[in-house]
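Here is the structure we will look at.
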Amino acid sequence: MKLTTNQIFDFNKHEDDSYESEIDYLNNKFSKKGISVDEIIKKLGSFNVAIPSWALGAGGTRFGRFSYGGEPSSLEQKLDDIGILNSLTKTAGAVSLHIPWDIPSDVNAIKEKAESHRILFDAMNSNTFQDQPHLEHTYKFGSLNSVHKNAREQAVEHNKEVIRIGKELGSKSLTVWLADGANFPGQLNFQTALQNTEDSLKKIYSDLPEDWRMFIEYKPYEPNFYSTTIQDWGTSFMLANACGEKAMTLVDLGHHLPNTNIEQIVATLMLKGKLGGFHFNDSKYGDDDLTVGSIKPYSLFLIFNELVYGMENNSQNPDLAWMIDASHNTKDPLEDLIQSLEAILIAYAQALLVDRKALYEAQQESDVVKCQELLQDAYRTDVRSLLKAARKETNAAINPLEAYRSFKVRKQLIEERGTSSRASGL
Ligand code: PSV
Ligand code: MN
Ligand code: MN
């Protein structure tokens with residue numbers, strides 16, 4: 001199924017437009033501080049976040065999985081789902097594929113399908129954390145870090161293959177996330193594992209086209225519970241530096257130990273021009289992959305505050321590859337993604353409302369109270385009217401979740417695809 005511009009237009013006609021008076025209020029308040037609400041609306045309208053191909057079906061845990069019905073069972077159908085999201089929000093104009101789950105059987109047909117939905121191919125993800133039936137060597141004890149040369153070479157080759165597929169599709173980046181590590185002390189020689197990882201990454205990097213980037217994702221634990229070879233941003237940063245200019249660190253919000261100051265990591269990496277990609281989600285405990293902004297919205301705002309500062313001041317840092325990396329066991333995945341997109345835009349808009357001039361001055365005077373007040377004044381502003389205005393301007397649905405429900409999208413998908421369809425993935 002596909003939503004048309006006319007359908008969205010008709011839906012918007014019946015929407016309450018009282019949000020316009022809220023915008024007048026914000027205009028009044030913020031123009032005095034030299035902050036243009038119109039500029040913010042434009043920025044929101046052009047913000048795009050990639051949707052990972054594995055977030056469109058119901059996620060599961062090792063204890064069970066509950067389908068929502070109508071799940072996509074092919075890459076084409078995944079693109080159709082992102083097309084729906086993009087028509088509703090105009091913020092989801094890219095997909096991030098995972099190989100081998102998403103190997104296209106017909107590259108041209110896939111490209112046409114993506115084009116018909118105006119979807120671009122964002123970062124390609126490799127997978128050396130699962131064994132595949134046709135593979136000769138197991139990844140049970142590691143891939144790029146493995147003590148077995150054959151496993152390392154196989155993993156390097158796989159990443160090169162992912163680059164080849166990505167080139168055909170028009171992607172411009174590769175994300176490497178490794179599960180490599182150890183479950184018990186003594187299992188791995190840390191130094192050898194790190195050196196093997198660096199050497200393997202360099203081999204992959206040597207195949208990277210000139211206009212590509214390689215993102216190195218870190219994570220402290222899981223699936224290995226004693227050590228992970230690329231455990232933190234420092235290790236990723238070091239490996240990216242060892243590879244070269246096109247290699248960068250990727251921050252996934254769920255990949256930190258409790259209470260880590262993620263906004264400071266963002267600032268540090270942007271200062272050094274090494275923040276390449278960003279995976280959004282939220283968590284209460286670990287890599288929970290919950291809906292963005294559902295648990296710690298103030299943290300998300302503080303992170304966006306640094307991202308906005310970096311985007312405005314760090315020309316040494318390239319444009320970021322944004323992606324949602326969440327998964328859902330009990331929600332309709334499309335509704336969940338709409339909620340995540342909303343939370344991302346809210347945090348972005350609030351960060352754009354920070355009075356940076358006043359903050360700078362308060363920082364020079366070490367006026368701690370004022371600094372906090374300035375941040376919280378932006379955070380406590382209800383910016384949902386700005387999102388609505390941005391959506392109206394881009395012909396998205398003013399209220400995407402309501403539109404999704406009123407168009408009965410899930411019901412139609414179930415009618416088309418049945419109740420037990422399922423795609424390859426996590
Ligand atoms: C595993 O933690 C993970 O969520 C990583 O964040 C990757 O980005 C993703 O899976 C897909 O490989
Ligand atoms: Mn991730
Ligand atoms: Mn993760």
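Residue names in the structure tokens use chain letters A, B, ... in the order shown, residue numbers from 1 in each chain, and ligand numbers from 1 in the order shown.
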
Worksheet item: Mind listing the residues within 10 Å of ligand 3, only C-alpha atoms and all ligand atoms counted, as number ranges by chain?
Response: A: 177, 217-219, 221-222, 252-256, 279-281, 286-289, 325-327

Worksheet entry | In stretch 19-95 of chain A, DSSP helix (DSSP H, G or I) residues written as a PyMOL selection string | chain A and resi 19-31+37-45+53-55+75-89

Worksheet entry | Polymer residues at most 7 Å from A:Lys90, only C-alpha atoms, same-chain spacing of 3 or more positions, as number ranges by chain | A: 86-87, 93, 394, 396

Resulting file, chosen residues, C-alpha atoms, as an mmCIF file, in the first residue's frame:
```
data_model
loop_
_atom_site.group_PDB
_atom_site.id
_atom_site.type_symbol
_atom_site.label_atom_id
_atom_site.label_comp_id
_atom_site.auth_asym_id
_atom_site.auth_seq_id
_atom_site.Cartn_x
_atom_site.Cartn_y
_atom_site.Cartn_z
ATOM 1 C CA ASN A 86 8.027 9.069 4.903
ATOM 2 C CA SER A 87 4.694 10.164 3.399
ATOM 3 C CA GLY A 93 13.646 9.587 3.586
ATOM 4 C CA THR A 394 6.571 19.717 3.654
ATOM 5 C CA ALA A 396 3.521 15.633 5.664
#
```

Practice prompt. Find the spatial neighbours of A:Lys388, counting only C-alpha atoms, within a cut-off of 10 Å - ignore same-chain residues fewer than 3 positions away - and output them as a list of chain:residue names.
Written response: A:Asp17, A:Tyr19, A:Glu20, A:Ile23, A:Ile41, A:Leu44, A:Gly45, A:Thr89, A:Val383, A:Arg384, A:Ser385, A:Arg391, A:Lys392, A:Glu393, A:Thr394, A:Ala396, A:Ala397, A:Ile398, A:Asn399, A:Pro400

Practice prompt. Tell me which protein, DNA and RNA residues are within 8 Å of A:Leu337, counting only C-alpha atoms, leaving out same-chain ones fewer than 4 positions away, and put them as a list in words.
Written response: Thr291, Ile324, Pro333 and Leu341 of chain A

Worksheet entry | d(atom CA of A:Pro318, atom CA of A:Gln195) in Å |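 Interatomic distance here is 27.5 Å.
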